[in-house]
>>> print(open('model10.tsv').read())   # TSV, N, CA and C atoms
chain	number	residue	atom	x	y	z
N	15	MET	N	-194.19	-20.60	25.75
N	15	MET	CA	-193.54	-19.65	26.64
N	15	MET	C	-193.20	-18.38	25.86
N	16	ASN	N	-193.36	-17.28	26.50
N	16	ASN	CA	-193.04	-15.98	25.95
N	16	ASN	C	-191.56	-15.95	25.51
N	17	GLU	N	-191.29	-15.39	24.34
N	17	GLU	CA	-189.91	-15.37	23.81
N	17	GLU	C	-188.95	-14.59	24.71
N	18	HIS	N	-189.42	-13.52	25.31
N	18	HIS	CA	-188.58	-12.75	26.24
N	18	HIS	C	-188.16	-13.63	27.42
N	19	TYR	N	-189.10	-14.38	27.98
N	19	TYR	CA	-188.79	-15.27	29.10
N	19	TYR	C	-187.79	-16.34	28.68
N	20	ARG	N	-188.00	-16.90	27.49
N	20	ARG	CA	-187.11	-17.95	26.99
N	20	ARG	C	-185.68	-17.41	26.85
N	21	GLN	N	-185.53	-16.21	26.31
N	21	GLN	CA	-184.20	-15.62	26.15
N	21	GLN	C	-183.56	-15.34	27.50
N	22	ALA	N	-184.34	-14.83	28.45
N	22	ALA	CA	-183.81	-14.55	29.79
N	22	ALA	C	-183.38	-15.85	30.46
N	23	ASN	N	-184.20	-16.89	30.34
N	23	ASN	CA	-183.85	-18.20	30.93
N	23	ASN	C	-182.59	-18.76	30.30
N	24	ASN	N	-182.48	-18.68	28.97
N	24	ASN	CA	-181.29	-19.18	28.28
N	24	ASN	C	-180.04	-18.43	28.72
N	25	ALA	N	-180.15	-17.10	28.87
N	25	ALA	CA	-179.02	-16.30	29.32
N	25	ALA	C	-178.60	-16.70	30.73
N	26	LEU	N	-179.57	-16.96	31.59
N	26	LEU	CA	-179.27	-17.38	32.97
N	26	LEU	C	-178.52	-18.72	32.97
N	27	ILE	N	-179.03	-19.69	32.24
N	27	ILE	CA	-178.41	-21.02	32.21
N	27	ILE	C	-176.99	-20.92	31.67
N	28	GLU	N	-176.79	-20.17	30.60
N	28	GLU	CA	-175.45	-19.98	30.02
N	28	GLU	C	-174.51	-19.33	31.03
N	29	SER	N	-174.98	-18.32	31.75
N	29	SER	CA	-174.16	-17.65	32.77
N	29	SER	C	-173.77	-18.60	33.90
N	30	LEU	N	-174.71	-19.44	34.30
N	30	LEU	CA	-174.43	-20.41	35.36
N	30	LEU	C	-173.41	-21.45	34.90
N	31	ILE	N	-173.51	-21.87	33.65
N	31	ILE	CA	-172.52	-22.81	33.11
N	31	ILE	C	-171.14	-22.18	33.12
N	32	ARG	N	-171.05	-20.95	32.63
N	32	ARG	CA	-169.75	-20.25	32.62
N	32	ARG	C	-169.22	-20.07	34.04
N	33	GLY	N	-170.11	-19.74	34.97
N	33	GLY	CA	-169.69	-19.58	36.37
N	33	GLY	C	-169.14	-20.87	36.96
N	34	ALA	N	-169.80	-21.98	36.66
N	34	ALA	CA	-169.32	-23.28	37.16
N	34	ALA	C	-168.00	-23.65	36.52
N	35	GLU	N	-167.88	-23.44	35.21
N	35	GLU	CA	-166.66	-23.81	34.50
N	35	GLU	C	-165.47	-22.96	34.92
N	36	SER	N	-165.72	-21.70	35.26
N	36	SER	CA	-164.63	-20.81	35.66
N	36	SER	C	-164.31	-20.92	37.15
N	37	GLY	N	-165.18	-21.57	37.91
N	37	GLY	CA	-164.97	-21.67	39.35
N	37	GLY	C	-165.54	-20.51	40.13
N	38	ARG	N	-166.19	-19.57	39.46
N	38	ARG	CA	-166.76	-18.41	40.14
N	38	ARG	C	-168.04	-18.76	40.89
N	39	LEU	N	-168.70	-19.84	40.47
N	39	LEU	CA	-169.91	-20.31	41.15
N	39	LEU	C	-169.62	-21.71	41.67
N	40	GLN	N	-169.63	-21.86	42.99
N	40	GLN	CA	-169.31	-23.12	43.63
N	40	GLN	C	-170.58	-23.93	43.88
N	41	TRP	N	-170.60	-25.14	43.35
N	41	TRP	CA	-171.72	-26.05	43.55
N	41	TRP	C	-171.34	-27.07	44.61
N	42	GLN	N	-172.35	-27.59	45.30
N	42	GLN	CA	-172.15	-28.62	46.32
N	42	GLN	C	-173.20	-29.71	46.13
N	43	ALA	N	-172.84	-30.93	46.48
N	43	ALA	CA	-173.80	-32.03	46.43
N	43	ALA	C	-174.81	-31.85	47.56
N	44	THR	N	-176.03	-32.27	47.32
N	44	THR	CA	-177.06	-32.29	48.36
N	44	THR	C	-177.19	-33.72	48.87
N	45	ALA	N	-178.08	-33.93	49.82
N	45	ALA	CA	-178.32	-35.28	50.33
N	45	ALA	C	-179.00	-36.16	49.29
N	46	ALA	N	-179.67	-35.53	48.32
N	46	ALA	CA	-180.34	-36.29	47.27
N	46	ALA	C	-179.32	-36.72	46.21
N	47	GLU	N	-179.51	-37.91	45.68
N	47	GLU	CA	-178.62	-38.40	44.64
N	47	GLU	C	-178.81	-37.58	43.37
N	48	ASN	N	-177.70	-37.27	42.69
N	48	ASN	CA	-177.72	-36.53	41.42
N	48	ASN	C	-178.37	-35.16	41.55
N	49	GLU	N	-178.10	-34.47	42.67
N	49	GLU	CA	-178.59	-33.11	42.85
N	49	GLU	C	-177.48	-32.25	43.43
N	50	PHE	N	-177.35	-31.05	42.87
N	50	PHE	CA	-176.33	-30.11	43.30
N	50	PHE	C	-176.98	-28.77	43.59
N	51	THR	N	-176.38	-28.03	44.51
N	51	THR	CA	-176.93	-26.73	44.88
N	51	THR	C	-175.83	-25.69	44.95
N	52	ALA	N	-176.22	-24.45	44.73
N	52	ALA	CA	-175.30	-23.32	44.87
N	52	ALA	C	-176.11	-22.15	45.42
N	53	ALA	N	-175.44	-21.32	46.21
N	53	ALA	CA	-176.07	-20.10	46.72
N	53	ALA	C	-175.50	-18.93	45.94
N	54	PHE	N	-176.33	-17.93	45.72
N	54	PHE	CA	-175.86	-16.76	44.99
N	54	PHE	C	-176.19	-15.52	45.79
N	55	LYS	N	-175.14	-14.84	46.27
N	55	LYS	CA	-175.24	-13.59	47.02
N	55	LYS	C	-176.15	-13.70	48.24
N	56	GLY	N	-176.34	-14.90	48.77
N	56	GLY	CA	-177.17	-15.08	49.94
N	56	GLY	C	-178.64	-14.81	49.69
N	57	LYS	N	-179.00	-14.55	48.45
N	57	LYS	CA	-180.38	-14.21	48.11
N	57	LYS	C	-181.10	-15.31	47.34
N	58	TYR	N	-180.34	-16.15	46.65
N	58	TYR	CA	-180.95	-17.15	45.80
N	58	TYR	C	-180.30	-18.51	46.03
N	59	ALA	N	-181.10	-19.53	46.04
N	59	ALA	CA	-180.61	-20.91	46.11
N	59	ALA	C	-180.92	-21.54	44.76
N	60	LEU	N	-179.91	-22.17	44.18
N	60	LEU	CA	-180.03	-22.79	42.88
N	60	LEU	C	-179.84	-24.28	43.02
N	61	THR	N	-180.65	-25.07	42.35
N	61	THR	CA	-180.43	-26.51	42.33
N	61	THR	C	-180.52	-27.00	40.89
N	62	VAL	N	-179.72	-28.00	40.62
N	62	VAL	CA	-179.80	-28.70	39.33
N	62	VAL	C	-179.74	-30.18	39.66
N	63	SER	N	-180.62	-30.94	39.01
N	63	SER	CA	-180.71	-32.36	39.34
N	63	SER	C	-181.00	-33.17	38.09
N	64	ARG	N	-180.65	-34.45	38.18
N	64	ARG	CA	-180.86	-35.38	37.06
N	64	ARG	C	-181.91	-36.41	37.49
N	65	HIS	N	-182.90	-36.58	36.63
N	65	HIS	CA	-184.00	-37.53	36.86
N	65	HIS	C	-184.17	-38.39	35.62
N	66	SER	N	-184.94	-39.45	35.74
N	66	SER	CA	-185.17	-40.32	34.59
N	66	SER	C	-185.88	-39.56	33.46
N	67	GLN	N	-186.63	-38.51	33.79
N	67	GLN	CA	-187.34	-37.73	32.78
N	67	GLN	C	-186.46	-36.63	32.18
N	68	GLY	N	-185.28	-36.42	32.72
N	68	GLY	CA	-184.39	-35.36	32.23
N	68	GLY	C	-183.81	-34.56	33.38
N	69	ASP	N	-183.10	-33.51	33.03
N	69	ASP	CA	-182.47	-32.66	34.04
N	69	ASP	C	-183.38	-31.49	34.38
N	70	LEU	N	-183.22	-30.98	35.61
N	70	LEU	CA	-184.10	-29.93	36.11
N	70	LEU	C	-183.28	-28.88	36.85
N	71	PHE	N	-183.52	-27.61	36.53
N	71	PHE	CA	-182.94	-26.48	37.25
N	71	PHE	C	-184.07	-25.76	37.97
N	72	VAL	N	-183.85	-25.42	39.26
N	72	VAL	CA	-184.84	-24.69	40.03
N	72	VAL	C	-184.11	-23.57	40.79
N	73	MET	N	-184.73	-22.39	40.81
N	73	MET	CA	-184.19	-21.24	41.55
N	73	MET	C	-185.20	-20.84	42.62
N	74	PHE	N	-184.69	-20.64	43.86
N	74	PHE	CA	-185.51	-20.25	44.99
N	74	PHE	C	-185.06	-18.89	45.50
N	75	ASP	N	-186.00	-18.14	46.09
N	75	ASP	CA	-185.62	-16.87	46.72
N	75	ASP	C	-185.14	-17.14	48.14
N	76	ASP	N	-184.79	-16.08	48.88
N	76	ASP	CA	-184.22	-16.27	50.21
N	76	ASP	C	-185.25	-16.75	51.24
N	77	SER	N	-186.52	-16.80	50.86
N	77	SER	CA	-187.55	-17.36	51.73
N	77	SER	C	-187.90	-18.80	51.36
N	78	GLY	N	-187.19	-19.34	50.37
N	78	GLY	CA	-187.42	-20.72	49.96
N	78	GLY	C	-188.55	-20.89	48.95
N	79	ARG	N	-189.07	-19.77	48.44
N	79	ARG	CA	-190.12	-19.86	47.43
N	79	ARG	C	-189.52	-20.14	46.06
N	80	GLU	N	-190.13	-21.05	45.33
N	80	GLU	CA	-189.66	-21.36	43.99
N	80	GLU	C	-189.95	-20.18	43.06
N	81	MET	N	-188.90	-19.70	42.41
N	81	MET	CA	-189.03	-18.57	41.50
N	81	MET	C	-189.06	-18.99	40.04
N	82	LEU	N	-188.30	-20.05	39.74
N	82	LEU	CA	-188.12	-20.44	38.35
N	82	LEU	C	-187.82	-21.92	38.28
N	83	ARG	N	-188.39	-22.57	37.27
N	83	ARG	CA	-188.15	-24.00	37.03
N	83	ARG	C	-187.95	-24.17	35.53
N	84	ILE	N	-186.80	-24.78	35.16
N	84	ILE	CA	-186.50	-25.03	33.76
N	84	ILE	C	-186.04	-26.47	33.64
N	85	ASN	N	-186.69	-27.22	32.77
N	85	ASN	CA	-186.24	-28.60	32.58
N	85	ASN	C	-185.52	-28.71	31.24
N	86	SER	N	-184.85	-29.83	31.06
N	86	SER	CA	-184.04	-30.00	29.86
N	86	SER	C	-184.88	-30.13	28.60
N	87	ASP	N	-186.18	-30.38	28.72
N	87	ASP	CA	-187.05	-30.34	27.55
N	87	ASP	C	-187.25	-28.90	27.08
N	88	ASP	N	-187.34	-27.97	28.04
N	88	ASP	CA	-187.50	-26.55	27.72
N	88	ASP	C	-186.19	-25.94	27.21
N	89	ASP	N	-185.07	-26.36	27.81
N	89	ASP	CA	-183.76	-25.82	27.43
N	89	ASP	C	-182.73	-26.94	27.58
N	90	PRO	N	-182.26	-27.49	26.46
N	90	PRO	CA	-181.30	-28.60	26.51
N	90	PRO	C	-180.01	-28.25	27.25
N	91	ASP	N	-179.70	-26.96	27.41
N	91	ASP	CA	-178.48	-26.57	28.11
N	91	ASP	C	-178.55	-26.85	29.61
N	92	VAL	N	-179.73	-27.19	30.13
N	92	VAL	CA	-179.83	-27.60	31.53
N	92	VAL	C	-178.98	-28.85	31.76
N	93	GLU	N	-178.88	-29.71	30.75
N	93	GLU	CA	-178.02	-30.89	30.85
N	93	GLU	C	-176.56	-30.47	30.99
N	94	ARG	N	-176.14	-29.48	30.21
N	94	ARG	CA	-174.77	-28.96	30.32
N	94	ARG	C	-174.53	-28.35	31.70
N	95	LEU	N	-175.54	-27.69	32.25
N	95	LEU	CA	-175.42	-27.10	33.58
N	95	LEU	C	-175.23	-28.20	34.62
N	96	PHE	N	-176.01	-29.26	34.52
N	96	PHE	CA	-175.86	-30.39	35.45
N	96	PHE	C	-174.43	-30.92	35.39
N	97	GLU	N	-173.93	-31.13	34.18
N	97	GLU	CA	-172.57	-31.68	34.03
N	97	GLU	C	-171.52	-30.72	34.57
N	98	ALA	N	-171.70	-29.42	34.37
N	98	ALA	CA	-170.75	-28.43	34.90
N	98	ALA	C	-170.79	-28.41	36.42
N	99	ALA	N	-171.99	-28.49	37.00
N	99	ALA	CA	-172.12	-28.51	38.47
N	99	ALA	C	-171.49	-29.78	39.04
N	100	GLN	N	-171.70	-30.89	38.37
N	100	GLN	CA	-171.12	-32.16	38.81
N	100	GLN	C	-169.59	-32.11	38.76
N	101	ARG	N	-169.04	-31.61	37.66
N	101	ARG	CA	-167.58	-31.49	37.53
N	101	ARG	C	-167.02	-30.57	38.61
N	102	SER	N	-167.72	-29.47	38.86
N	102	SER	CA	-167.28	-28.53	39.89
N	102	SER	C	-167.28	-29.18	41.26
N	103	THR	N	-168.36	-29.87	41.59
N	103	THR	CA	-168.50	-30.49	42.90
N	103	THR	C	-167.47	-31.59	43.13
N	104	LEU	N	-167.24	-32.39	42.11
N	104	LEU	CA	-166.33	-33.52	42.23
N	104	LEU	C	-164.87	-33.16	41.93
N	105	ASN	N	-164.61	-31.89	41.62
N	105	ASN	CA	-163.25	-31.42	41.30
N	105	ASN	C	-162.61	-32.24	40.19
N	106	VAL	N	-163.39	-32.51	39.15
N	106	VAL	CA	-162.93	-33.34	38.04
N	106	VAL	C	-161.70	-32.74	37.36
N	107	ASP	N	-161.70	-31.43	37.12
N	107	ASP	CA	-160.57	-30.81	36.42
N	107	ASP	C	-159.28	-30.93	37.23
N	108	ALA	N	-159.38	-30.79	38.55
N	108	ALA	CA	-158.18	-30.95	39.39
N	108	ALA	C	-157.67	-32.39	39.33
N	109	ALA	N	-158.59	-33.35	39.31
N	109	ALA	CA	-158.19	-34.76	39.21
N	109	ALA	C	-157.50	-35.03	37.88
N	110	ILE	N	-158.06	-34.49	36.80
N	110	ILE	CA	-157.46	-34.67	35.48
N	110	ILE	C	-156.06	-34.05	35.47
N	111	ARG	N	-155.95	-32.84	35.99
N	111	ARG	CA	-154.65	-32.16	36.02
N	111	ARG	C	-153.63	-32.97	36.79
N	112	GLU	N	-154.04	-33.53	37.94
N	112	GLU	CA	-153.14	-34.32	38.77
N	112	GLU	C	-152.66	-35.57	38.03
N	113	ILE	N	-153.57	-36.24	37.35
N	113	ILE	CA	-153.21	-37.46	36.61
N	113	ILE	C	-152.29	-37.14	35.45
N	114	VAL	N	-152.63	-36.10	34.67
N	114	VAL	CA	-151.79	-35.73	33.52
N	114	VAL	C	-150.42	-35.26	33.99
N	115	ASP	N	-150.38	-34.49	35.08
N	115	ASP	CA	-149.09	-34.04	35.61
N	115	ASP	C	-148.22	-35.23	36.04
N	116	GLU	N	-148.85	-36.21	36.65
N	116	GLU	CA	-148.12	-37.37	37.15
N	116	GLU	C	-147.65	-38.29	36.02
N	117	LEU	N	-148.53	-38.56	35.09
N	117	LEU	CA	-148.22	-39.51	34.02
N	117	LEU	C	-147.67	-38.86	32.77
N	118	GLY	N	-147.88	-37.60	32.61
N	118	GLY	CA	-147.45	-36.89	31.41
N	118	GLY	C	-148.46	-37.06	30.29
N	119	PRO	N	-148.43	-36.15	29.34
N	119	PRO	CA	-149.36	-36.26	28.22
N	119	PRO	C	-148.99	-37.44	27.34
N	120	PRO	N	-149.95	-37.95	26.55
N	120	PRO	CA	-149.62	-39.07	25.66
N	120	PRO	C	-148.60	-38.65	24.62
N	121	ALA	N	-147.77	-39.60	24.22
N	121	ALA	CA	-146.76	-39.33	23.19
N	121	ALA	C	-147.46	-39.07	21.87
N	122	ALA	N	-146.85	-38.23	21.05
N	122	ALA	CA	-147.41	-37.94	19.73
N	122	ALA	C	-147.57	-39.24	18.96
N	123	GLY	N	-148.69	-39.40	18.32
N	123	GLY	CA	-148.96	-40.60	17.54
N	123	GLY	C	-149.57	-41.73	18.33
N	124	ARG	N	-149.62	-41.58	19.67
N	124	ARG	CA	-150.23	-42.63	20.50
N	124	ARG	C	-151.40	-42.02	21.25
N	125	GLY	N	-152.55	-42.60	21.10
N	125	GLY	CA	-153.71	-42.13	21.85
N	125	GLY	C	-154.23	-40.79	21.39
N	126	GLY	N	-153.94	-40.40	20.18
N	126	GLY	CA	-154.44	-39.13	19.67
N	126	GLY	C	-153.35	-38.09	19.63
N	127	PRO	N	-153.72	-36.87	19.33
N	127	PRO	CA	-152.72	-35.81	19.22
N	127	PRO	C	-152.10	-35.48	20.57
N	128	GLU	N	-150.91	-34.95	20.53
N	128	GLU	CA	-150.22	-34.55	21.76
N	128	GLU	C	-150.99	-33.44	22.45
N	129	ILE	N	-151.10	-33.52	23.76
N	129	ILE	CA	-151.78	-32.50	24.54
N	129	ILE	C	-150.76	-31.44	24.94
N	130	THR	N	-151.10	-30.19	24.69
N	130	THR	CA	-150.24	-29.08	25.09
N	130	THR	C	-150.94	-28.30	26.19
N	131	GLU	N	-150.23	-27.36	26.80
N	131	GLU	CA	-150.81	-26.51	27.84
N	131	GLU	C	-152.05	-25.78	27.32
N	132	ASP	N	-152.06	-25.42	26.06
N	132	ASP	CA	-153.19	-24.69	25.47
N	132	ASP	C	-154.44	-25.57	25.40
N	133	ASP	N	-154.28	-26.90	25.41
N	133	ASP	CA	-155.40	-27.81	25.31
N	133	ASP	C	-156.10	-28.03	26.64
N	134	ILE	N	-155.42	-27.75	27.75
N	134	ILE	CA	-155.98	-27.99	29.08
N	134	ILE	C	-156.63	-26.70	29.56
N	135	PRO	N	-157.96	-26.74	29.87
N	135	PRO	CA	-158.71	-25.52	30.16
N	135	PRO	C	-158.53	-24.97	31.55
N	136	PHE	N	-157.52	-25.38	32.30
N	136	PHE	CA	-157.37	-24.89	33.67
N	136	PHE	C	-155.98	-24.50	33.95
>>> encode(input="model10.tsv", output="structure tokens")
Amino acid sequence: MNEHYRQANNALIESLIRGAESGRLQWQATAAENEFTAAFKGKYALTVSRHSQGDLFVMFDDSGREMLRINSDDDPDVERLFEAAQRSTLNVDAAIREIVDELGPPAAGRGGPEITEDDIPF
């Protein structure tokens, strides 16, 4: 693959990961198992999915034509994107926050270091 294309693809995947982690890009589960989708500006449909051969990211235009396909063999960060989309869809961070708020952080010396507000990314 052309180095320019590889760099552009890597930048896209990194931006999507940051968008999912920050909540700026909302992912939703599809009817297919282990597949998530997000729309971007009504112009692009994004999907990320997990298969036995690895993870796959696909971008479609507003007519449903496939524009780009990146698998985790081409860019290992596609796996990170899948995990970020899954966490976003399942509201994992909110669940963690709710549990920690209810039970409190572990006491110092038990279960690892004490968790402070600075340690929680939300």
>>> select_by_dssp(input="model10.tsv", residues="chain N", states="helix (DSSP H, G or I)", output="PyMOL selection string")
chain N and resi 17-36+91-104+106-117+131-133
>>> atom_distance(input="model10.tsv", atom1="atom CA of N:Glu80", atom2="atom CA of N:Lys57")
12.4 Å
>>> residues_around(input="model10.tsv", residues="N:Ala46", least_positions_apart="4", cutoff="12 Å", atoms="only C-alpha atoms", output="PyMOL selection string")
chain N and resi 42+50-51+61-65
>>> atom_distance(input="model10.tsv", atom1="atom N of N:Ala59", atom2="atom CA of N:Arg101")
20.0 Å
>>> atom_distance(input="model10.tsv", atom1="atom N of N:Asp91", atom2="atom N of N:Tyr19")
15.7 Å
>>> residues_around(input="model10.tsv", residues="N:Leu82", least_positions_apart="4", cutoff="8 Å", atoms="only N, CA and C atoms", output="PyMOL selection string")
chain N and resi 71-75
>>> select_by_dssp(input="model10.tsv", residues="chain N", states="strand (DSSP E)", output="short mmCIF file (atom, residue, chain, number, x, y, z; two decimals) with N, CA and C atoms, keeping the file's coordinate frame")
data_model
loop_
_atom_site.label_atom_id
_atom_site.label_comp_id
_atom_site.auth_asym_id
_atom_site.auth_seq_id
_atom_site.Cartn_x
_atom_site.Cartn_y
_atom_site.Cartn_z
N GLN N 42 -172.35 -27.59 45.30
CA GLN N 42 -172.15 -28.62 46.32
C GLN N 42 -173.20 -29.71 46.13
N ALA N 43 -172.84 -30.93 46.48
CA ALA N 43 -173.80 -32.03 46.43
C ALA N 43 -174.81 -31.85 47.56
N GLU N 49 -178.10 -34.47 42.67
CA GLU N 49 -178.59 -33.11 42.85
C GLU N 49 -177.48 -32.25 43.43
N PHE N 50 -177.35 -31.05 42.87
CA PHE N 50 -176.33 -30.11 43.30
C PHE N 50 -176.98 -28.77 43.59
N THR N 51 -176.38 -28.03 44.51
CA THR N 51 -176.93 -26.73 44.88
C THR N 51 -175.83 -25.69 44.95
N ALA N 52 -176.22 -24.45 44.73
CA ALA N 52 -175.30 -23.32 44.87
C ALA N 52 -176.11 -22.15 45.42
N ALA N 53 -175.44 -21.32 46.21
CA ALA N 53 -176.07 -20.10 46.72
C ALA N 53 -175.50 -18.93 45.94
N PHE N 54 -176.33 -17.93 45.72
CA PHE N 54 -175.86 -16.76 44.99
C PHE N 54 -176.19 -15.52 45.79
N TYR N 58 -180.34 -16.15 46.65
CA TYR N 58 -180.95 -17.15 45.80
C TYR N 58 -180.30 -18.51 46.03
N ALA N 59 -181.10 -19.53 46.04
CA ALA N 59 -180.61 -20.91 46.11
C ALA N 59 -180.92 -21.54 44.76
N LEU N 60 -179.91 -22.17 44.18
CA LEU N 60 -180.03 -22.79 42.88
C LEU N 60 -179.84 -24.28 43.02
N THR N 61 -180.65 -25.07 42.35
CA THR N 61 -180.43 -26.51 42.33
C THR N 61 -180.52 -27.00 40.89
N VAL N 62 -179.72 -28.00 40.62
CA VAL N 62 -179.80 -28.70 39.33
C VAL N 62 -179.74 -30.18 39.66
N SER N 63 -180.62 -30.94 39.01
CA SER N 63 -180.71 -32.36 39.34
C SER N 63 -181.00 -33.17 38.09
N ARG N 64 -180.65 -34.45 38.18
CA ARG N 64 -180.86 -35.38 37.06
C ARG N 64 -181.91 -36.41 37.49
N HIS N 65 -182.90 -36.58 36.63
CA HIS N 65 -184.00 -37.53 36.86
C HIS N 65 -184.17 -38.39 35.62
N GLY N 68 -185.28 -36.42 32.72
CA GLY N 68 -184.39 -35.36 32.23
C GLY N 68 -183.81 -34.56 33.38
N ASP N 69 -183.10 -33.51 33.03
CA ASP N 69 -182.47 -32.66 34.04
C ASP N 69 -183.38 -31.49 34.38
N LEU N 70 -183.22 -30.98 35.61
CA LEU N 70 -184.10 -29.93 36.11
C LEU N 70 -183.28 -28.88 36.85
N PHE N 71 -183.52 -27.61 36.53
CA PHE N 71 -182.94 -26.48 37.25
C PHE N 71 -184.07 -25.76 37.97
N VAL N 72 -183.85 -25.42 39.26
CA VAL N 72 -184.84 -24.69 40.03
C VAL N 72 -184.11 -23.57 40.79
N MET N 73 -184.73 -22.39 40.81
CA MET N 73 -184.19 -21.24 41.55
C MET N 73 -185.20 -20.84 42.62
N PHE N 74 -184.69 -20.64 43.86
CA PHE N 74 -185.51 -20.25 44.99
C PHE N 74 -185.06 -18.89 45.50
N GLU N 80 -190.13 -21.05 45.33
CA GLU N 80 -189.66 -21.36 43.99
C GLU N 80 -189.95 -20.18 43.06
N MET N 81 -188.90 -19.70 42.41
CA MET N 81 -189.03 -18.57 41.50
C MET N 81 -189.06 -18.99 40.04
N LEU N 82 -188.30 -20.05 39.74
CA LEU N 82 -188.12 -20.44 38.35
C LEU N 82 -187.82 -21.92 38.28
N ARG N 83 -188.39 -22.57 37.27
CA ARG N 83 -188.15 -24.00 37.03
C ARG N 83 -187.95 -24.17 35.53
N ILE N 84 -186.80 -24.78 35.16
CA ILE N 84 -186.50 -25.03 33.76
C ILE N 84 -186.04 -26.47 33.64
N ASN N 85 -186.69 -27.22 32.77
CA ASN N 85 -186.24 -28.60 32.58
C ASN N 85 -185.52 -28.71 31.24
#
>>> closest_residue(input="model10.tsv", among="N:Ala99, N:Asp89, N:Glu47, N:Pro120", to="N:Leu30", atoms="only N, CA and C atoms")
N:Ala99
>>> closest_residue(input="model10.tsv", among="N:Met81, N:Ala53, N:Ala98, N:Leu70", to="N:Arg32", atoms="only N, CA and C atoms")
N:Ala98
>>> residues_around(input="model10.tsv", residues="N:Asp88", least_positions_apart="4", cutoff="9 Å", atoms="only C-alpha atoms", output="PDB file with N, CA and C atoms, keeping the file's coordinate frame")
ATOM      1  N   ARG N  20    -188.000 -16.900  27.490  1.00  0.00           N
ATOM      2  CA  ARG N  20    -187.110 -17.950  26.990  1.00  0.00           C
ATOM      3  C   ARG N  20    -185.680 -17.410  26.850  1.00  0.00           C
ATOM      4  N   ILE N  84    -186.800 -24.780  35.160  1.00  0.00           N
ATOM      5  CA  ILE N  84    -186.500 -25.030  33.760  1.00  0.00           C
ATOM      6  C   ILE N  84    -186.040 -26.470  33.640  1.00  0.00           C
ATOM      7  N   VAL N  92    -179.730 -27.190  30.130  1.00  0.00           N
ATOM      8  CA  VAL N  92    -179.830 -27.600  31.530  1.00  0.00           C
ATOM      9  C   VAL N  92    -178.980 -28.850  31.760  1.00  0.00           C
TER      10      VAL N  92
END
>>> axis_aligned_box(input="model10.tsv", around="stretch 55-64 of chain N", padding_each_side="3 Å", output="lines of an AutoDock Vina configuration file")
center_x = -178.5
center_y = -25.0
center_z = 43.5
size_x = 12.8
size_y = 28.8
size_z = 18.9
>>> residues_around(input="model10.tsv", residues="N:Glu35", least_positions_apart="3", cutoff="12 Å", atoms="only C-alpha atoms", output="MDAnalysis selection string")
chainID N and resid 28:32 38:41 94:103 105:107 135:136
